[in-house]
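Asker: Okay, so here is query.tsv, and as you'll see once you scroll down, it has TSV, C-alpha atoms and all ligand atoms.
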```
chain	number	residue	atom	x	y	z
A	1	MET	CA	0.00	0.00	0.00
A	2	THR	CA	1.57	3.30	-1.00
A	3	GLN	CA	1.85	6.09	1.51
A	4	GLU	CA	0.87	9.61	0.48
A	5	LEU	CA	2.05	12.67	2.37
A	6	TYR	CA	0.12	15.93	2.55
A	7	ILE	CA	0.67	19.12	4.52
A	8	GLY	CA	-2.30	20.86	6.11
A	9	LEU	CA	-1.80	24.58	6.65
A	10	MET	CA	-4.11	26.46	8.96
A	11	SER	CA	-4.23	29.99	10.21
A	12	GLY	CA	-7.48	30.60	12.04
A	13	THR	CA	-9.59	33.53	13.10
A	14	SER	CA	-7.59	33.97	16.31
A	15	ALA	CA	-4.57	34.90	14.11
A	16	ASP	CA	-2.38	33.44	16.86
A	17	ALA	CA	-0.20	31.06	14.87
A	18	ILE	CA	0.30	29.27	11.58
A	19	ASP	CA	-0.17	25.56	12.16
A	20	THR	CA	1.29	23.01	9.78
A	21	ALA	CA	0.65	19.29	10.00
A	22	LEU	CA	2.36	16.59	7.95
A	23	VAL	CA	-0.20	13.87	7.41
A	24	SER	CA	0.19	10.40	5.98
A	25	PHE	CA	-2.59	8.59	4.13
A	26	GLU	CA	-2.39	4.89	3.45
A	27	GLY	CA	-5.32	3.21	1.73
A	28	ALA	CA	-8.46	3.15	3.82
A	29	GLN	CA	-6.59	3.61	7.10
A	30	SER	CA	-7.25	6.65	9.23
A	31	PRO	CA	-4.84	9.49	8.37
A	32	GLN	CA	-1.78	9.62	10.60
A	33	LEU	CA	-0.22	12.77	12.00
A	34	ILE	CA	3.52	12.46	11.26
A	35	ALA	CA	4.86	15.84	12.36
A	36	THR	CA	3.66	19.29	13.34
A	37	HIS	CA	5.00	22.81	13.45
A	38	SER	CA	3.54	26.01	14.81
A	39	THR	CA	4.85	29.44	13.81
A	40	PRO	CA	3.58	32.26	16.03
A	41	ILE	CA	2.26	35.20	13.99
A	42	PRO	CA	4.37	38.28	14.84
A	43	SER	CA	2.38	41.11	16.41
A	44	ASP	CA	2.85	43.56	13.50
A	45	LEU	CA	1.56	40.99	11.02
A	46	ARG	CA	-1.35	40.20	13.36
A	47	ALA	CA	-2.17	43.90	13.51
A	48	ASP	CA	-2.28	44.06	9.68
A	49	ILE	CA	-4.55	41.01	9.61
A	50	ARG	CA	-6.86	42.37	12.29
A	51	ALA	CA	-7.05	45.75	10.54
A	52	LEU	CA	-8.25	44.08	7.33
A	53	CYS	CA	-10.93	42.13	9.21
A	54	GLN	CA	-12.89	45.40	9.45
A	55	PRO	CA	-13.90	47.64	6.53
A	56	GLY	CA	-11.51	50.60	6.07
A	57	THR	CA	-9.67	52.72	3.54
A	58	GLY	CA	-7.07	51.42	1.10
A	59	GLU	CA	-8.28	47.87	1.52
A	60	LEU	CA	-7.29	46.62	-1.95
A	61	ASP	CA	-3.67	47.71	-1.66
A	62	ARG	CA	-3.42	46.48	1.90
A	63	PHE	CA	-4.98	43.16	0.84
A	64	GLY	CA	-2.58	42.75	-2.08
A	65	HIS	CA	0.39	43.36	0.21
A	66	LEU	CA	-0.84	41.08	2.98
A	67	ASP	CA	-1.76	38.33	0.51
A	68	GLY	CA	1.87	38.21	-0.63
A	69	VAL	CA	3.42	38.50	2.83
A	70	LEU	CA	1.18	35.73	4.17
A	71	GLY	CA	1.91	33.56	1.11
A	72	GLU	CA	5.62	33.83	1.95
A	73	THR	CA	5.05	33.25	5.65
A	74	PHE	CA	2.87	30.19	4.97
A	75	ALA	CA	5.53	28.79	2.60
A	76	ASP	CA	8.22	29.32	5.24
A	77	ALA	CA	6.07	27.52	7.81
A	78	CYS	CA	5.83	24.48	5.48
A	79	LEU	CA	9.55	24.56	4.77
A	80	ALA	CA	10.32	24.71	8.51
A	81	LEU	CA	8.11	21.66	9.05
A	82	LEU	CA	10.01	19.76	6.36
A	83	VAL	CA	13.44	20.81	7.67
A	84	ASN	CA	12.48	19.60	11.15
A	85	THR	CA	11.39	16.22	9.86
A	86	GLY	CA	14.13	15.76	7.23
A	87	ILE	CA	11.48	14.99	4.59
A	88	GLU	CA	12.05	16.29	1.05
A	89	ALA	CA	9.45	18.54	-0.57
A	90	SER	CA	9.32	16.08	-3.47
A	91	ALA	CA	7.90	13.44	-1.11
A	92	VAL	CA	4.84	15.60	-0.38
A	93	THR	CA	1.92	15.28	-2.80
A	94	ALA	CA	0.29	18.61	-1.92
A	95	ILE	CA	-0.28	21.34	0.63
A	96	GLY	CA	-3.85	22.18	1.62
A	97	SER	CA	-3.92	25.83	2.67
A	98	HIS	CA	-6.95	27.33	4.35
A	99	GLY	CA	-5.62	30.90	4.16
A	100	GLN	CA	-6.25	33.71	6.61
A	101	THR	CA	-9.90	34.71	6.62
A	102	LEU	CA	-10.31	38.47	6.31
A	103	ARG	CA	-14.03	38.59	5.61
A	104	HIS	CA	-16.72	35.94	5.73
A	105	ARG	CA	-20.17	36.97	4.60
A	106	PRO	CA	-22.51	33.98	4.50
A	107	PRO	CA	-25.64	34.04	2.34
A	108	SER	CA	-28.13	36.65	3.56
A	109	PRO	CA	-31.03	38.55	2.00
A	110	ASP	CA	-29.11	41.85	2.37
A	111	ALA	CA	-25.80	41.22	0.65
A	112	ARG	CA	-24.00	38.91	-1.72
A	113	ALA	CA	-22.24	36.01	-0.02
A	114	PHE	CA	-18.45	35.76	-0.14
A	115	SER	CA	-15.57	34.47	1.90
A	116	LEU	CA	-12.13	35.97	1.47
A	117	GLN	CA	-8.88	34.36	2.59
A	118	ALA	CA	-5.37	35.80	2.18
A	119	GLY	CA	-2.08	33.95	1.65
A	120	ASP	CA	-1.33	33.66	-2.07
A	121	PRO	CA	-1.19	29.93	-2.96
A	122	ASN	CA	0.92	30.74	-6.06
A	123	ILE	CA	3.70	31.90	-3.74
A	124	ILE	CA	3.31	28.84	-1.49
A	125	ALA	CA	3.62	26.51	-4.50
A	126	GLN	CA	6.58	28.46	-5.95
A	127	ARG	CA	8.59	28.68	-2.75
A	128	THR	CA	7.98	25.14	-1.52
A	129	GLY	CA	7.98	23.35	-4.88
A	130	ILE	CA	4.80	21.58	-3.70
A	131	THR	CA	1.42	21.66	-5.46
A	132	THR	CA	-0.90	23.75	-3.33
A	133	VAL	CA	-4.66	23.48	-2.99
A	134	ALA	CA	-6.40	26.57	-1.61
A	135	ASP	CA	-9.56	28.69	-1.79
A	136	PHE	CA	-11.76	25.90	-0.45
A	137	ARG	CA	-14.72	27.97	0.63
A	138	ARG	CA	-15.79	29.77	-2.53
A	139	LYS	CA	-16.82	26.64	-4.46
A	140	ASP	CA	-19.31	25.79	-1.74
A	141	ILE	CA	-20.62	29.37	-1.77
A	142	ALA	CA	-20.92	29.21	-5.57
A	143	ALA	CA	-23.10	26.13	-5.02
A	144	GLY	CA	-25.38	28.12	-2.74
A	145	GLY	CA	-23.72	27.11	0.56
A	146	GLN	CA	-22.32	28.97	3.53
A	147	GLY	CA	-18.74	28.02	2.61
A	148	ALA	CA	-18.46	26.88	6.21
A	149	PRO	CA	-17.92	24.86	8.26
A	150	LEU	CA	-15.82	22.62	6.01
A	151	VAL	CA	-14.31	20.38	8.70
A	152	PRO	CA	-17.37	18.17	9.43
A	153	ALA	CA	-16.63	15.82	6.48
A	154	PHE	CA	-13.13	15.26	7.88
A	155	HIS	CA	-14.49	14.89	11.41
A	156	ARG	CA	-16.89	12.23	10.09
A	157	ALA	CA	-14.07	10.42	8.25
A	158	VAL	CA	-11.71	10.20	11.23
A	159	PHE	CA	-13.93	10.44	14.32
A	160	GLY	CA	-17.21	8.91	13.13
A	161	CYS	CA	-18.12	5.84	15.19
A	162	ALA	CA	-20.77	3.16	14.60
A	163	HIS	CA	-21.54	2.68	18.32
A	164	GLU	CA	-21.35	6.19	19.78
A	165	ASN	CA	-23.06	9.49	19.01
A	166	ARG	CA	-20.30	12.08	18.99
A	167	ALA	CA	-20.25	15.84	19.00
A	168	LEU	CA	-16.94	17.22	17.74
A	169	ILE	CA	-16.46	20.77	18.91
A	170	ASN	CA	-13.71	23.01	17.60
A	171	ILE	CA	-13.14	26.02	19.84
A	172	GLY	CA	-10.99	28.39	17.78
A	173	GLY	CA	-11.67	32.10	17.39
A	174	ILE	CA	-15.19	31.04	16.45
A	175	ALA	CA	-16.58	27.72	17.69
A	176	ASN	CA	-18.12	25.08	15.47
A	177	ILE	CA	-19.77	21.75	16.04
A	178	SER	CA	-19.97	18.56	13.98
A	179	TRP	CA	-22.68	16.16	15.02
A	180	LEU	CA	-21.62	12.61	14.18
A	181	PRO	CA	-24.47	10.26	15.13
A	182	SER	CA	-23.75	6.53	15.10
A	183	GLU	CA	-26.35	6.38	12.32
A	184	GLY	CA	-27.75	9.09	10.10
A	185	PRO	CA	-26.46	12.27	8.53
A	186	THR	CA	-23.64	14.43	9.84
A	187	LEU	CA	-24.75	17.91	10.85
A	188	GLY	CA	-22.65	20.93	11.68
A	189	PHE	CA	-22.59	24.69	12.09
A	190	ASP	CA	-20.77	27.53	13.83
A	191	THR	CA	-22.17	27.88	17.34
A	192	GLY	CA	-20.93	31.48	17.75
A	193	PRO	CA	-17.92	32.98	19.51
A	194	GLY	CA	-15.13	30.68	20.61
A	195	ASN	CA	-12.03	32.38	22.01
A	196	ALA	CA	-12.03	35.55	19.89
A	197	LEU	CA	-14.11	37.78	22.16
A	198	MET	CA	-12.32	36.59	25.29
A	199	ASP	CA	-8.96	37.24	23.57
A	200	ASP	CA	-10.06	40.72	22.52
A	201	TRP	CA	-11.39	41.66	25.95
A	202	ILE	CA	-8.30	40.55	27.89
A	203	GLY	CA	-6.17	42.21	25.20
A	204	GLN	CA	-7.94	45.50	25.75
A	205	HIS	CA	-7.88	45.37	29.55
A	206	ARG	CA	-4.69	43.54	30.44
A	207	ARG	CA	-2.61	43.62	27.26
A	208	GLU	CA	-2.49	39.82	27.26
A	209	ARG	CA	-2.92	37.70	24.15
A	210	TYR	CA	-5.36	35.31	25.81
A	211	ASP	CA	-6.73	34.32	29.21
A	212	ARG	CA	-4.47	31.41	30.11
A	213	ASP	CA	-6.59	28.54	31.46
A	214	GLY	CA	-9.42	31.03	31.92
A	215	LEU	CA	-7.82	32.18	35.19
A	216	TRP	CA	-8.93	35.80	34.82
A	217	ALA	CA	-12.48	34.72	33.96
A	218	ALA	CA	-12.39	32.48	37.03
A	219	GLN	CA	-11.70	35.55	39.20
A	220	GLY	CA	-14.90	37.16	37.95
A	221	LYS	CA	-18.56	36.28	38.23
A	222	PRO	CA	-20.74	35.97	35.15
A	223	ASN	CA	-23.26	38.80	34.93
A	224	SER	CA	-26.65	37.30	34.13
A	225	MET	CA	-28.05	40.51	32.64
A	226	LEU	CA	-25.07	40.89	30.30
A	227	LEU	CA	-25.32	37.23	29.33
A	228	GLU	CA	-28.97	37.76	28.52
A	229	TYR	CA	-28.13	40.73	26.25
A	230	LEU	CA	-25.38	38.75	24.54
A	231	LEU	CA	-27.54	35.68	24.00
A	232	ALA	CA	-30.29	37.86	22.54
A	233	HIS	CA	-28.30	38.05	19.29
A	234	PRO	CA	-30.52	36.39	16.67
A	235	TYR	CA	-27.60	34.26	15.46
A	236	PHE	CA	-27.97	31.95	18.46
A	237	VAL	CA	-31.51	30.91	17.55
A	238	GLN	CA	-31.09	30.99	13.79
A	239	PRO	CA	-31.57	27.48	12.40
A	240	PRO	CA	-28.67	25.87	10.51
A	241	PRO	CA	-27.09	26.03	7.98
A	242	LYS	CA	-25.25	28.95	9.55
A	243	SER	CA	-21.72	30.26	9.90
A	244	THR	CA	-20.25	33.39	11.40
A	245	GLY	CA	-17.09	35.33	12.11
A	246	ARG	CA	-15.50	38.40	13.63
A	247	GLU	CA	-17.75	40.51	11.38
A	248	ILE	CA	-20.52	39.92	13.93
A	249	PHE	CA	-18.89	38.84	17.18
A	250	ASN	CA	-16.36	41.58	17.89
A	251	LEU	CA	-15.59	44.19	20.56
A	252	GLN	CA	-17.85	46.73	18.89
A	253	TRP	CA	-20.82	44.39	19.31
A	254	LEU	CA	-19.81	43.71	22.91
A	255	ASP	CA	-19.52	47.46	23.61
A	256	THR	CA	-23.05	47.98	22.29
A	257	GLN	CA	-24.34	45.40	24.79
A	258	LEU	CA	-22.26	46.90	27.61
A	259	GLU	CA	-23.75	50.35	26.93
A	260	GLN	CA	-27.08	48.97	28.15
A	261	MET	CA	-25.56	47.91	31.47
A	262	ASP	CA	-25.95	50.00	34.60
A	263	PRO	CA	-23.91	49.54	36.70
A	264	MET	CA	-21.11	48.46	34.39
A	265	PRO	CA	-19.77	45.05	35.38
A	266	ALA	CA	-16.12	44.76	36.41
A	267	PRO	CA	-13.79	43.72	33.55
A	268	GLU	CA	-13.23	40.25	35.05
A	269	ASP	CA	-17.01	39.79	35.30
A	270	VAL	CA	-17.29	40.62	31.60
A	271	GLN	CA	-14.60	38.01	30.90
A	272	ALA	CA	-16.50	35.45	32.98
A	273	SER	CA	-19.68	36.31	31.05
A	274	LEU	CA	-17.90	35.90	27.70
A	275	LEU	CA	-16.58	32.52	28.76
A	276	LEU	CA	-20.06	31.48	29.79
A	277	LEU	CA	-21.46	32.79	26.48
A	278	THR	CA	-19.08	30.54	24.52
A	279	ALA	CA	-19.85	27.53	26.73
A	280	HIS	CA	-23.59	28.21	26.72
A	281	ALA	CA	-23.82	28.49	22.92
A	282	ILE	CA	-21.89	25.25	22.51
A	283	ALA	CA	-23.86	23.41	25.19
A	284	SER	CA	-27.23	24.37	23.73
A	285	ALA	CA	-26.07	23.25	20.28
A	286	VAL	CA	-24.99	19.90	21.72
A	287	THR	CA	-28.17	19.43	23.73
A	288	GLY	CA	-30.30	20.35	20.73
A	289	LEU	CA	-28.52	17.78	18.56
A	290	ALA	CA	-28.17	15.05	21.18
A	291	ASP	CA	-31.78	15.14	22.31
A	292	GLN	CA	-32.20	11.47	21.47
A	293	GLY	CA	-29.97	9.06	23.32
A	294	PRO	CA	-26.56	9.32	24.91
A	295	ALA	CA	-23.64	11.14	23.33
A	296	ARG	CA	-20.09	12.20	24.04
A	297	ALA	CA	-18.49	15.54	23.28
A	298	TYR	CA	-14.88	15.85	22.12
A	299	VAL	CA	-13.22	19.25	21.99
A	300	CYS	CA	-10.39	20.45	19.75
A	301	GLY	CA	-8.85	23.86	19.04
A	302	GLY	CA	-7.09	26.16	21.48
A	303	GLY	CA	-10.19	26.37	23.68
A	304	ALA	CA	-9.56	22.76	24.75
A	305	HIS	CA	-6.66	24.14	26.84
A	306	ASN	CA	-8.86	26.61	28.69
A	307	SER	CA	-9.64	24.54	31.77
A	308	GLN	CA	-12.19	27.02	33.10
A	309	LEU	CA	-14.04	26.84	29.77
A	310	MET	CA	-13.88	23.05	29.67
A	311	ASN	CA	-15.15	22.81	33.26
A	312	THR	CA	-18.00	25.20	32.51
A	313	LEU	CA	-18.96	23.21	29.41
A	314	GLU	CA	-18.83	20.01	31.43
A	315	ALA	CA	-21.07	21.52	34.10
A	316	LEU	CA	-23.60	22.73	31.51
A	317	LEU	CA	-23.75	19.39	29.71
A	318	GLY	CA	-23.91	17.32	32.88
A	319	GLU	CA	-23.64	13.55	33.04
A	320	GLN	CA	-25.74	13.13	29.90
A	321	VAL	CA	-22.89	14.20	27.64
A	322	PRO	CA	-19.38	13.57	29.01
A	323	VAL	CA	-16.75	16.00	27.68
A	324	ALA	CA	-13.16	15.16	26.71
A	325	SER	CA	-10.53	16.55	24.36
A	326	THR	CA	-9.87	14.81	21.02
A	327	GLU	CA	-6.69	13.53	22.68
A	328	ALA	CA	-9.01	10.78	23.99
A	329	LEU	CA	-9.58	9.78	20.34
A	330	GLY	CA	-5.86	9.80	19.54
A	331	ILE	CA	-5.42	13.26	17.98
A	332	ALA	CA	-4.09	16.21	20.00
A	333	PRO	CA	-6.65	19.05	19.92
A	334	ASP	CA	-4.21	21.57	18.41
A	335	TRP	CA	-3.79	19.69	15.12
A	336	VAL	CA	-7.27	18.59	14.11
A	337	GLU	CA	-8.00	21.66	11.97
A	338	ALA	CA	-4.64	21.59	10.14
A	339	MET	CA	-5.11	17.85	9.49
A	340	ALA	CA	-8.53	18.61	8.05
A	341	PHE	CA	-6.98	20.81	5.36
A	342	ALA	CA	-4.47	18.09	4.44
A	343	TRP	CA	-7.48	15.78	4.06
A	344	LEU	CA	-9.45	18.35	2.05
A	345	ALA	CA	-6.50	18.87	-0.34
A	346	ARG	CA	-6.34	15.12	-0.93
A	347	GLN	CA	-10.08	14.99	-1.58
A	348	THR	CA	-9.64	17.72	-4.22
A	349	LEU	CA	-6.73	16.02	-5.99
A	350	LYS	CA	-8.67	12.75	-6.05
A	351	GLY	CA	-11.72	14.50	-7.48
A	352	LEU	CA	-13.75	13.81	-4.33
A	353	ALA	CA	-16.17	16.15	-2.57
A	354	GLY	CA	-15.03	18.08	0.49
A	355	ASN	CA	-18.25	19.76	1.62
A	356	LEU	CA	-21.34	18.22	3.13
A	357	PRO	CA	-24.42	19.84	1.56
A	358	GLU	CA	-26.49	19.03	4.67
A	359	VAL	CA	-24.00	21.11	6.70
A	360	THR	CA	-23.26	24.08	4.45
A	361	GLY	CA	-26.60	24.25	2.64
A	362	ALA	CA	-24.96	23.92	-0.80
A	363	HIS	CA	-27.23	22.34	-3.39
A	364	SER	CA	-24.79	19.47	-3.93
A	365	ALA	CA	-21.51	17.89	-2.86
A	366	GLN	CA	-18.58	19.67	-4.49
A	367	VAL	CA	-14.90	19.12	-5.22
A	368	LEU	CA	-13.52	22.16	-3.41
A	369	GLY	CA	-10.63	24.51	-3.99
A	370	GLY	CA	-8.26	25.62	-6.67
A	371	ILE	CA	-5.10	23.67	-7.57
A	372	TYR	CA	-1.86	25.62	-7.91
A	373	PRO	CA	0.84	23.40	-9.42
A	374	ALA	CA	4.43	23.85	-8.19
B	1	LIG	N1	-3.94	27.46	27.84
B	1	LIG	C1	-4.91	28.17	27.26
B	1	LIG	N2	-5.83	28.78	28.03
B	1	LIG	C2	-6.83	29.50	27.48
B	1	LIG	N3	-6.98	29.68	26.16
B	1	LIG	C3	-6.09	29.10	25.34
B	1	LIG	C4	-5.01	28.31	25.84
B	1	LIG	N4	-4.30	27.87	24.77
B	1	LIG	C5	-4.91	28.37	23.67
B	1	LIG	N5	-5.97	29.11	24.00
B	1	LIG	C6	-6.90	29.85	23.12
B	1	LIG	O1	-6.91	29.25	21.85
B	1	LIG	C7	-6.77	30.26	20.84
B	1	LIG	C8	-6.17	29.67	19.62
B	1	LIG	O2	-6.97	28.60	19.22
B	1	LIG	P1	-6.95	28.04	17.75
B	1	LIG	O3	-5.59	28.11	17.19
B	1	LIG	O4	-7.64	26.73	17.78
B	1	LIG	O5	-7.90	29.09	17.06
B	1	LIG	P2	-7.89	29.64	15.58
B	1	LIG	O6	-6.50	29.93	15.16
B	1	LIG	O7	-8.88	30.74	15.56
B	1	LIG	O8	-8.41	28.41	14.75
B	1	LIG	P3	-9.73	28.15	13.87
B	1	LIG	O9	-10.29	29.43	13.38
B	1	LIG	O10	-9.21	27.30	12.78
B	1	LIG	O11	-10.66	27.33	14.66
B	1	LIG	C9	-5.95	31.34	21.50
B	1	LIG	O12	-6.17	32.58	20.87
B	1	LIG	C10	-6.48	31.29	22.94
B	1	LIG	O13	-7.63	32.07	23.06
B	2	MG	MG	-4.73	29.15	15.65
```
Output the structure of this file as structure tokens.

Answerer:
Amino acid sequence: MTQELYIGLMSGTSADAIDTALVSFEGAQSPQLIATHSTPIPSDLRADIRALCQPGTGELDRFGHLDGVLGETFADACLALLVNTGIEASAVTAIGSHGQTLRHRPPSPDARAFSLQAGDPNIIAQRTGITTVADFRRKDIAAGGQGAPLVPAFHRAVFGCAHENRALINIGGIANISWLPSEGPTLGFDTGPGNALMDDWIGQHRRERYDRDGLWAAQGKPNSMLLEYLLAHPYFVQPPPKSTGREIFNLQWLDTQLEQMDPMPAPEDVQASLLLLTAHAIASAVTGLADQGPARAYVCGGGAHNSQLMNTLEALLGEQVPVASTEALGIAPDWVEAMAFAWLARQTLKGLAGNLPEVTGAHSAQVLGGIYPA
């Protein structure tokens, strides 16, 4: 049986790091994680990314510049992974690059849908000498879908189980769920904020990148009135298919809710409320999906390291739905998303679909992405 190597390249909405995963595929076996590498995104580059996540002047020139810089940075991240492992570029079939999302506008009656990622795949292919597959989301949108989430098909392929109902929850900047029942169709959608709002709030108040283990949130007390205002956002009750991003859940939105508060809660109470918001949105998604029979929840993404968040989620779900990290299923939570893009690139090169129409709302299954030969 021949082994095929792919690199999955992921840079998520948190804009914290570029994650690369070298993944081996062998026949029908589950993909194996061979090596990983994480390149922190320098703060000036993160500032450029964050600036382009909001409308502003000179966007086209700033986009063109960032697209190239990120293309180079992504290529360097792949090369560093290969140097560390001593594997030649020629041994890798392809790179699957998600790109850095700058704007995600799902289908709505008010505006045309689009999803824009930066990180020029031409540059990645040129600099690495490896065929690169990128721009995964727009094909699904062209087929009438949300363009997101795209990971449920991968979650189904590697974590699906014939004797257990599983909820796979990725807590990145935004959180998303894949419902993998032991029988029946896979479902999935973005539940709402993941870490992004908590990161932004602690960044504004304490100049920290994120709330390590949720310790600051643990010092506060969730404010029930604020939580009520936050949960009143129509997104939380909108039926799937649905996807979201920083366009909606950002500090500006939070400030608008805080303006209604009198007295103003202490900053650590706001952090505690944001943590509860993330956990609450995830827990109600899980409970809604797992209303028939027992299930288990498995968490991946950076949020799996936030022990306060994990404990809160566990408390909300109770004994009905035990919570663990994907480590319990053999894959460390930090690498699931990058692995998914290695898997999606392979699907594309094999002419196989990458989206699940029942998840994204596309009218049919689609071979996703564009192929950029080396
Ligand atoms: N020990 C920790 N305690 C609390 N939060 C953590 C910890 N480690 C990581 N995180 C959180 O995880 C975030 C990064 O998660 P991750 O890389 O999964 O998100 P992402 O890049 O937005 O990915 P994606 O959009 O693909 O889901 C950090 O910004 C931080 O908020
Ligand atoms: Mg990340």

Asker: Within 7 Å of ligand LIG 1 (chain B) (counting all atoms listed in the file), which residues show up? I'd like them as a PyMOL selection string.

Answerer: chain A and resi 10-17+170-175+195-196+198-199+209-214+301-303+305-307+334+337

Asker: I'd like the interatomic distance between atom CA of A:Met1 and atom CA of A:Glu26, to a tenth of an Å.

Answerer: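 About the pair atom CA of A:Met1 and atom CA of A:Glu26: they are 6.4 Å apart.
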
Asker: Separation of atom CA of A:Glu259 and atom CA of A:Thr101, in Å?

Answerer: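 Atom-to-atom, atom CA of A:Glu259 to atom CA of A:Thr101, that is 29.1 Å.
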
Asker: Can you work out the spacing between atom CA of A:Pro322 and atom CA of A:Pro240 in Å, to one decimal?

Answerer: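 Taking atom CA of A:Pro322 as the start and atom CA of A:Pro240 as the end point, the length is 24.1 Å.
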
Asker: Can you pull out every residue within 10 Å of A:Thr348, counting all atoms listed in the file, but drop anything in the same chain fewer than 2 positions away, and send it as a list in words?

Answerer: Gly96, Val133, Ala134, Phe136, Trp343, Leu344, Ala345, Arg346, Lys350, Gly351, Leu352, Ala353, Gly354, Gln366, Val367, Leu368, Gly369, Gly370 and Ile371 of chain A

Asker: Would you mind exporting C-alpha atoms of the selected residues as a PDB file, in the frame of the given file?

Answerer:
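Okay, this is what ended up in selection.pdb:
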```pdb
ATOM      1  CA  GLY A  96      -3.850  22.180   1.620  1.00  0.00           C
ATOM      2  CA  VAL A 133      -4.660  23.480  -2.990  1.00  0.00           C
ATOM      3  CA  ALA A 134      -6.400  26.570  -1.610  1.00  0.00           C
ATOM      4  CA  PHE A 136     -11.760  25.900  -0.450  1.00  0.00           C
ATOM      5  CA  TRP A 343      -7.480  15.780   4.060  1.00  0.00           C
ATOM      6  CA  LEU A 344      -9.450  18.350   2.050  1.00  0.00           C
ATOM      7  CA  ALA A 345      -6.500  18.870  -0.340  1.00  0.00           C
ATOM      8  CA  ARG A 346      -6.340  15.120  -0.930  1.00  0.00           C
ATOM      9  CA  LYS A 350      -8.670  12.750  -6.050  1.00  0.00           C
ATOM     10  CA  GLY A 351     -11.720  14.500  -7.480  1.00  0.00           C
ATOM     11  CA  LEU A 352     -13.750  13.810  -4.330  1.00  0.00           C
ATOM     12  CA  ALA A 353     -16.170  16.150  -2.570  1.00  0.00           C
ATOM     13  CA  GLY A 354     -15.030  18.080   0.490  1.00  0.00           C
ATOM     14  CA  GLN A 366     -18.580  19.670  -4.490  1.00  0.00           C
ATOM     15  CA  VAL A 367     -14.900  19.120  -5.220  1.00  0.00           C
ATOM     16  CA  LEU A 368     -13.520  22.160  -3.410  1.00  0.00           C
ATOM     17  CA  GLY A 369     -10.630  24.510  -3.990  1.00  0.00           C
ATOM     18  CA  GLY A 370      -8.260  25.620  -6.670  1.00  0.00           C
ATOM     19  CA  ILE A 371      -5.100  23.670  -7.570  1.00  0.00           C
TER      20      ILE A 371
END
```

Asker: Please identify every residue of stretch 78-106 of chain A that has at least one atom no farther than 9 Å from an atom of stretch 32-35 of chain A, counting all atoms listed in the file, and for each give the shortest atom pair and the distance in Å to one decimal, arranged by chain then increasing number, as JSON lines.

Answerer:
```
{"residue": "A:Leu81", "atom": "CA", "partner": "A:Ala35", "partner_atom": "CA", "distance": 7.4}
{"residue": "A:Leu82", "atom": "CA", "partner": "A:Ala35", "partner_atom": "CA", "distance": 8.8}
{"residue": "A:Asn84", "atom": "CA", "partner": "A:Ala35", "partner_atom": "CA", "distance": 8.6}
{"residue": "A:Thr85", "atom": "CA", "partner": "A:Ala35", "partner_atom": "CA", "distance": 7.0}
```
